[in-house]
file structure29.pdb (PDB, C-alpha atoms and all ligand atoms)
ATOM      1  CA  ASN A   1       0.000   0.000   0.000  1.00  0.00           C
ATOM      2  CA  GLU A   2       0.864   3.637  -0.245  1.00  0.00           C
ATOM      3  CA  THR A   3       2.281   4.015   3.257  1.00  0.00           C
ATOM      4  CA  ASN A   4       4.619   1.074   2.903  1.00  0.00           C
ATOM      5  CA  ARG A   5       5.950   2.341  -0.393  1.00  0.00           C
ATOM      6  CA  ARG A   6       6.674   5.751   1.041  1.00  0.00           C
ATOM      7  CA  ASP A   7       8.445   4.129   3.983  1.00  0.00           C
ATOM      8  CA  PHE A   8      10.530   2.074   1.627  1.00  0.00           C
ATOM      9  CA  ILE A   9      11.543   5.173  -0.327  1.00  0.00           C
ATOM     10  CA  GLY A  10      12.277   6.923   2.932  1.00  0.00           C
ATOM     11  CA  TYR A  11      14.547   4.067   4.076  1.00  0.00           C
ATOM     12  CA  SER A  12      16.307   4.026   0.732  1.00  0.00           C
ATOM     13  CA  PHE A  13      17.161   7.688   1.029  1.00  0.00           C
ATOM     14  CA  ALA A  14      18.356   7.165   4.566  1.00  0.00           C
ATOM     15  CA  ALA A  15      20.597   4.306   3.440  1.00  0.00           C
ATOM     16  CA  VAL A  16      22.076   6.361   0.583  1.00  0.00           C
ATOM     17  CA  ALA A  17      22.626   9.295   2.908  1.00  0.00           C
ATOM     18  CA  ALA A  18      24.369   7.038   5.435  1.00  0.00           C
ATOM     19  CA  VAL A  19      26.681   5.543   2.817  1.00  0.00           C
ATOM     20  CA  GLY A  20      27.418   8.991   1.407  1.00  0.00           C
ATOM     21  CA  GLY A  21      28.077  10.308   4.887  1.00  0.00           C
ATOM     22  CA  ALA A  22      30.480   7.474   5.646  1.00  0.00           C
ATOM     23  CA  ALA A  23      32.359   8.082   2.395  1.00  0.00           C
ATOM     24  CA  ALA A  24      32.595  11.769   3.205  1.00  0.00           C
ATOM     25  CA  LEU A  25      33.979  10.942   6.657  1.00  0.00           C
ATOM     26  CA  VAL A  26      36.609   8.635   5.160  1.00  0.00           C
ATOM     27  CA  GLY A  27      37.594  11.457   2.810  1.00  0.00           C
ATOM     28  CA  MET A  28      37.857  13.896   5.685  1.00  0.00           C
ATOM     29  CA  LYS A  29      39.831  11.488   7.822  1.00  0.00           C
ATOM     30  CA  GLN A  30      42.364  11.039   5.030  1.00  0.00           C
ATOM     31  CA  ALA A  31      42.720  14.799   4.778  1.00  0.00           C
ATOM     32  CA  TRP A  32      43.317  15.050   8.533  1.00  0.00           C
ATOM     33  CA  ASP A  33      45.716  12.156   8.863  1.00  0.00           C
ATOM     34  CA  PRO A  34      49.360  13.203   9.095  1.00  0.00           C
ATOM     35  CA  LEU A  35      51.660  12.357   6.200  1.00  0.00           C
ATOM     36  CA  PRO A  36      53.502   9.030   6.508  1.00  0.00           C
ATOM     37  CA  SER A  37      56.774  10.881   7.159  1.00  0.00           C
ATOM     38  CA  VAL A  38      55.185  12.597  10.157  1.00  0.00           C
ATOM     39  CA  LEU A  39      53.837   9.295  11.474  1.00  0.00           C
ATOM     40  CA  ALA A  40      57.314   7.816  11.182  1.00  0.00           C
ATOM     41  CA  GLY A  41      58.633  10.447  13.609  1.00  0.00           C
ATOM     42  CA  GLY A  42      59.128  13.455  11.352  1.00  0.00           C
ATOM     43  CA  PHE A  43      62.629  12.794  10.086  1.00  0.00           C
ATOM     44  CA  THR A  44      64.535  15.124   7.802  1.00  0.00           C
ATOM     45  CA  THR A  45      67.668  13.902   6.054  1.00  0.00           C
ATOM     46  CA  VAL A  46      70.477  16.319   5.238  1.00  0.00           C
ATOM     47  CA  ASP A  47      73.384  15.320   3.012  1.00  0.00           C
ATOM     48  CA  LEU A  48      76.390  17.038   4.564  1.00  0.00           C
ATOM     49  CA  SER A  49      78.471  16.559   1.414  1.00  0.00           C
ATOM     50  CA  THR A  50      76.368  19.240  -0.317  1.00  0.00           C
ATOM     51  CA  ILE A  51      77.051  21.963   2.283  1.00  0.00           C
ATOM     52  CA  LYS A  52      79.691  24.533   1.382  1.00  0.00           C
ATOM     53  CA  ALA A  53      82.092  25.701   4.090  1.00  0.00           C
ATOM     54  CA  GLY A  54      81.111  29.008   5.649  1.00  0.00           C
ATOM     55  CA  GLU A  55      77.688  29.034   3.979  1.00  0.00           C
ATOM     56  CA  PRO A  56      75.127  27.604   6.395  1.00  0.00           C
ATOM     57  CA  GLU A  57      71.929  26.194   5.015  1.00  0.00           C
ATOM     58  CA  THR A  58      68.548  26.051   6.679  1.00  0.00           C
ATOM     59  CA  PHE A  59      66.419  22.922   6.657  1.00  0.00           C
ATOM     60  CA  VAL A  60      62.961  22.399   8.066  1.00  0.00           C
ATOM     61  CA  TRP A  61      62.459  19.710  10.655  1.00  0.00           C
ATOM     62  CA  ARG A  62      59.064  19.326  12.356  1.00  0.00           C
ATOM     63  CA  GLY A  63      58.201  22.866  11.290  1.00  0.00           C
ATOM     64  CA  LYS A  64      61.356  24.348  12.821  1.00  0.00           C
ATOM     65  CA  PRO A  65      64.335  25.825  11.001  1.00  0.00           C
ATOM     66  CA  VAL A  66      67.547  23.873  11.520  1.00  0.00           C
ATOM     67  CA  PHE A  67      70.885  25.473  10.657  1.00  0.00           C
ATOM     68  CA  VAL A  68      73.652  23.303   9.248  1.00  0.00           C
ATOM     69  CA  LEU A  69      77.041  24.995   9.000  1.00  0.00           C
ATOM     70  CA  LYS A  70      80.249  23.490   7.693  1.00  0.00           C
ATOM     71  CA  LYS A  71      83.000  25.362   9.482  1.00  0.00           C
ATOM     72  CA  THR A  72      85.862  26.989   7.652  1.00  0.00           C
ATOM     73  CA  SER A  73      89.364  26.291   8.976  1.00  0.00           C
ATOM     74  CA  ASP A  74      89.575  29.708  10.663  1.00  0.00           C
ATOM     75  CA  MET A  75      86.403  29.195  12.725  1.00  0.00           C
ATOM     76  CA  ASP A  76      86.786  28.216  16.374  1.00  0.00           C
ATOM     77  CA  GLN A  77      86.452  24.571  17.234  1.00  0.00           C
ATOM     78  CA  SER A  78      83.900  23.616  19.811  1.00  0.00           C
ATOM     79  CA  LYS A  79      82.671  20.609  21.737  1.00  0.00           C
ATOM     80  CA  ARG A  80      79.478  21.034  19.726  1.00  0.00           C
ATOM     81  CA  ASP A  81      81.216  20.282  16.441  1.00  0.00           C
ATOM     82  CA  LEU A  82      80.070  17.225  14.574  1.00  0.00           C
ATOM     83  CA  ILE A  83      83.233  15.825  13.031  1.00  0.00           C
ATOM     84  CA  VAL A  84      82.823  13.979   9.761  1.00  0.00           C
ATOM     85  CA  GLY A  85      86.143  12.959   8.235  1.00  0.00           C
ATOM     86  CA  SER A  86      88.243  16.136   8.339  1.00  0.00           C
ATOM     87  CA  ASP A  87      85.227  18.448   8.353  1.00  0.00           C
ATOM     88  CA  ARG A  88      83.473  20.087  11.259  1.00  0.00           C
ATOM     89  CA  PHE A  89      79.777  20.898  11.272  1.00  0.00           C
ATOM     90  CA  ILE A  90      77.403  22.737  13.554  1.00  0.00           C
ATOM     91  CA  ILE A  91      73.787  21.665  13.628  1.00  0.00           C
ATOM     92  CA  ALA A  92      71.399  23.830  15.608  1.00  0.00           C
ATOM     93  CA  ILE A  93      67.734  24.700  15.801  1.00  0.00           C
ATOM     94  CA  GLY A  94      67.436  28.141  14.212  1.00  0.00           C
ATOM     95  CA  LEU A  95      65.227  29.715  16.837  1.00  0.00           C
ATOM     96  CA  CYS A  96      66.723  32.379  19.089  1.00  0.00           C
ATOM     97  CA  THR A  97      66.840  31.128  22.678  1.00  0.00           C
ATOM     98  CA  HIS A  98      65.642  34.551  23.846  1.00  0.00           C
ATOM     99  CA  LEU A  99      62.148  34.766  22.366  1.00  0.00           C
ATOM    100  CA  GLY A 100      62.242  32.530  19.329  1.00  0.00           C
ATOM    101  CA  CYS A 101      63.013  34.740  16.311  1.00  0.00           C
ATOM    102  CA  ILE A 102      65.048  33.238  13.474  1.00  0.00           C
ATOM    103  CA  PRO A 103      68.578  34.644  13.465  1.00  0.00           C
ATOM    104  CA  ALA A 104      70.249  35.427  10.117  1.00  0.00           C
ATOM    105  CA  TRP A 105      73.834  34.587   9.142  1.00  0.00           C
ATOM    106  CA  LYS A 106      75.985  37.689   8.597  1.00  0.00           C
ATOM    107  CA  LYS A 107      79.780  37.707   8.541  1.00  0.00           C
ATOM    108  CA  ASP A 108      80.267  34.444  10.439  1.00  0.00           C
ATOM    109  CA  VAL A 109      77.700  35.324  13.112  1.00  0.00           C
ATOM    110  CA  TRP A 110      74.010  34.486  13.443  1.00  0.00           C
ATOM    111  CA  LYS A 111      72.329  37.775  14.309  1.00  0.00           C
ATOM    112  CA  CYS A 112      68.857  38.007  15.740  1.00  0.00           C
ATOM    113  CA  ALA A 113      67.052  41.077  14.449  1.00  0.00           C
ATOM    114  CA  CYS A 114      64.459  41.058  17.236  1.00  0.00           C
ATOM    115  CA  HIS A 115      66.641  42.257  20.142  1.00  0.00           C
ATOM    116  CA  GLY A 116      70.177  42.129  18.781  1.00  0.00           C
ATOM    117  CA  GLY A 117      71.222  38.714  20.092  1.00  0.00           C
ATOM    118  CA  GLU A 118      74.238  37.113  18.418  1.00  0.00           C
ATOM    119  CA  TYR A 119      75.578  33.583  18.128  1.00  0.00           C
ATOM    120  CA  ASN A 120      79.001  32.575  16.863  1.00  0.00           C
ATOM    121  CA  ALA A 121      79.754  29.834  14.330  1.00  0.00           C
ATOM    122  CA  SER A 122      79.444  27.249  17.105  1.00  0.00           C
ATOM    123  CA  ALA A 123      75.895  28.553  17.762  1.00  0.00           C
ATOM    124  CA  LYS A 124      77.034  29.871  21.139  1.00  0.00           C
ATOM    125  CA  ASN A 125      75.367  33.030  22.414  1.00  0.00           C
ATOM    126  CA  ILE A 126      78.006  35.783  22.399  1.00  0.00           C
ATOM    127  CA  PHE A 127      76.004  38.988  22.651  1.00  0.00           C
ATOM    128  CA  GLY A 128      72.649  40.391  23.742  1.00  0.00           C
ATOM    129  CA  PRO A 129      69.749  38.819  25.620  1.00  0.00           C
ATOM    130  CA  PRO A 130      69.882  35.150  24.493  1.00  0.00           C
ATOM    131  CA  PRO A 131      70.409  33.106  27.680  1.00  0.00           C
ATOM    132  CA  ARG A 132      72.047  30.056  26.079  1.00  0.00           C
ATOM    133  CA  PRO A 133      73.396  28.655  22.815  1.00  0.00           C
ATOM    134  CA  LEU A 134      71.028  27.620  20.049  1.00  0.00           C
ATOM    135  CA  ASP A 135      69.528  24.241  20.861  1.00  0.00           C
ATOM    136  CA  VAL A 136      70.775  21.094  19.173  1.00  0.00           C
ATOM    137  CA  PRO A 137      68.100  18.891  17.608  1.00  0.00           C
ATOM    138  CA  PRO A 138      68.274  15.134  18.076  1.00  0.00           C
ATOM    139  CA  PHE A 139      69.947  13.547  15.084  1.00  0.00           C
ATOM    140  CA  LYS A 140      71.844  10.535  13.878  1.00  0.00           C
ATOM    141  CA  LEU A 141      74.792  10.389  11.524  1.00  0.00           C
ATOM    142  CA  GLU A 142      74.626   7.857   8.695  1.00  0.00           C
ATOM    143  CA  GLY A 143      77.737   8.130   6.545  1.00  0.00           C
ATOM    144  CA  THR A 144      77.658  11.728   5.307  1.00  0.00           C
ATOM    145  CA  LYS A 145      73.944  12.052   5.976  1.00  0.00           C
ATOM    146  CA  VAL A 146      72.355  13.451   9.060  1.00  0.00           C
ATOM    147  CA  VAL A 147      68.907  12.226   9.989  1.00  0.00           C
ATOM    148  CA  LEU A 148      67.198  14.857  12.114  1.00  0.00           C
ATOM    149  CA  GLY A 149      64.809  13.364  14.623  1.00  0.00           C
ATOM    150  CA  GLU A 150      66.951  10.510  15.897  1.00  0.00           C
ATOM    151  CA  SER A 151      69.436  10.711  18.735  1.00  0.00           C
ATOM    152  CA  SER A 152      72.981   9.718  18.187  1.00  0.00           C
ATOM    153  CA  PRO A 153      75.197   8.285  20.914  1.00  0.00           C
ATOM    154  CA  GLU A 154      78.306   9.781  19.283  1.00  0.00           C
ATOM    155  CA  TYR A 155      77.033  13.354  19.497  1.00  0.00           C
ATOM    156  CA  LYS A 156      76.120  14.719  22.880  1.00  0.00           C
ATOM    157  CA  LYS A 157      74.054  17.755  23.639  1.00  0.00           C
ATOM    158  CA  ILE A 158      75.932  20.315  25.726  1.00  0.00           C
TER     159      ILE A 158
HETATM  160 FE1  LIG A 201      66.463  36.973  19.554  1.00  0.00          FE
HETATM  161 FE2  LIG A 201      65.284  38.443  21.421  1.00  0.00          FE
HETATM  162  S1  LIG A 201      64.381  36.943  20.175  1.00  0.00           S
HETATM  163  S2  LIG A 201      67.345  38.507  20.781  1.00  0.00           S
END

call {"tool": "encode", "arguments": {"input": "structure29.pdb", "output": "structure tokens"}}
result
Amino acid sequence: NETNRRDFIGYSFAAVAAVGGAAALVGMKQAWDPLPSVLAGGFTTVDLSTIKAGEPETFVWRGKPVFVLKKTSDMDQSKRDLIVGSDRFIIAIGLCTHLGCIPAWKKDVWKCACHGGEYNASAKNIFGPPPRPLDVPPFKLEGTKVVLGESSPEYKKI
């Protein structure tokens, strides 16, 4: 009869709406899910063999800038140096330890434009309000590659 047919149509619509809704949710969930690299711990790999001495490069690791500097022979050596063969590198999170601005490299010094803080080539605070050196991210050395996001026993934070 008429009532039953209307109910059937009503149920059919409800079923289609439910399936459509589920598909839409799956689509949304995929959009919200982090990328596989983030799920794996958010690693960033840097090939040290591509870095030129005295010209630090900035990489992004977990949304933060990370400075990688290959020291020139006239730069001071430090306990923070990562020694690879005969080369020395500094790896540091590029956020000022005062209030978090990103310092810029000028004449062998990282200068923070926000309040004048300065860091030397070993990422040590040498002037202005920064209370400590730039932080060192966890990383692991694999040949000439550095994997940011993994701790290495051969490189200690100081
Ligand atoms: Fe760098 Fe203040 S944030 S000196």

call {"tool": "residues_near_ligand", "arguments": {"input": "structure29.pdb", "ligand": "ligand LIG 201 (chain A)", "cutoff": "10 Å", "atoms": "all atoms listed in the file", "output": "PyMOL selection string"}}
result
chain A and resi 95-103+111-119+125+127-131

call {"tool": "resolve_selection", "arguments": {"input": "structure29.pdb", "expression": "the PyMOL selection byres (((chain A and resi 67-71) around 7) and not hetatm)", "output": "short mmCIF file (atom, residue, chain, number, x, y, z; two decimals) with C-alpha atoms, in the frame of the given file"}}
result
data_model
loop_
_atom_site.label_atom_id
_atom_site.label_comp_id
_atom_site.auth_asym_id
_atom_site.auth_seq_id
_atom_site.Cartn_x
_atom_site.Cartn_y
_atom_site.Cartn_z
CA ILE A 51 77.05 21.96 2.28
CA LYS A 52 79.69 24.53 1.38
CA ALA A 53 82.09 25.70 4.09
CA GLY A 54 81.11 29.01 5.65
CA GLU A 55 77.69 29.03 3.98
CA PRO A 56 75.13 27.60 6.40
CA GLU A 57 71.93 26.19 5.01
CA THR A 58 68.55 26.05 6.68
CA PHE A 59 66.42 22.92 6.66
CA PRO A 65 64.33 25.82 11.00
CA VAL A 66 67.55 23.87 11.52
CA THR A 72 85.86 26.99 7.65
CA SER A 73 89.36 26.29 8.98
CA MET A 75 86.40 29.20 12.72
CA ARG A 88 83.47 20.09 11.26
CA PHE A 89 79.78 20.90 11.27
CA ILE A 90 77.40 22.74 13.55
CA ILE A 91 73.79 21.66 13.63
CA ALA A 92 71.40 23.83 15.61
CA ILE A 93 67.73 24.70 15.80
CA GLY A 94 67.44 28.14 14.21
#

call {"tool": "resolve_selection", "arguments": {"input": "structure29.pdb", "expression": "the PyMOL selection byres (((chain A and resi 143) around 10) and not hetatm)", "output": "PDB file with C-alpha atoms, keeping the file's coordinate frame"}}
result
ATOM      1  CA  ASP A  47      73.384  15.320   3.012  1.00  0.00           C
ATOM      2  CA  LEU A  48      76.390  17.038   4.564  1.00  0.00           C
ATOM      3  CA  SER A  49      78.471  16.559   1.414  1.00  0.00           C
ATOM      4  CA  VAL A  84      82.823  13.979   9.761  1.00  0.00           C
ATOM      5  CA  GLY A  85      86.143  12.959   8.235  1.00  0.00           C
ATOM      6  CA  LYS A 140      71.844  10.535  13.878  1.00  0.00           C
ATOM      7  CA  LEU A 141      74.792  10.389  11.524  1.00  0.00           C
ATOM      8  CA  GLU A 142      74.626   7.857   8.695  1.00  0.00           C
ATOM      9  CA  THR A 144      77.658  11.728   5.307  1.00  0.00           C
ATOM     10  CA  LYS A 145      73.944  12.052   5.976  1.00  0.00           C
ATOM     11  CA  VAL A 146      72.355  13.451   9.060  1.00  0.00           C
TER      12      VAL A 146
END

call {"tool": "atom_distance", "arguments": {"input": "structure29.pdb", "atom1": "CA of Val147 (chain A)", "atom2": "CA of Ile83 (chain A)"}}
result
15.1 Å

call {"tool": "residues_around", "arguments": {"input": "structure29.pdb", "residues": "Arg80 (chain A)", "least_positions_apart": "2", "cutoff": "12 Å", "atoms": "all atoms listed in the file", "output": "list in words"}}
result
Leu69, Lys71, Asp76, Gln77, Ser78, Leu82, Ile83, Arg88, Phe89, Ile90, Ile91, Ala92, Asn120, Ala121, Ser122, Ala123, Lys124, Pro133, Leu134, Asp135, Val136, Pro137, Glu154, Tyr155, Lys156, Lys157 and Ile158 of chain A

call {"tool": "atom_distance", "arguments": {"input": "structure29.pdb", "atom1": "CA of Thr45 (chain A)", "atom2": "CA of Ser151 (chain A)"}}
result
13.2 Å

call {"tool": "closest_residue", "arguments": {"input": "structure29.pdb", "among": "A:Trp110, A:Phe43, A:Ser86, A:Glu150", "to": "Ile126 (chain A)", "atoms": "all atoms listed in the file"}}
result
A:Trp110

call {"tool": "atom_distance", "arguments": {"input": "structure29.pdb", "atom1": "CA of Gly63 (chain A)", "atom2": "CA of Lys107 (chain A)"}}
result
26.3 Å
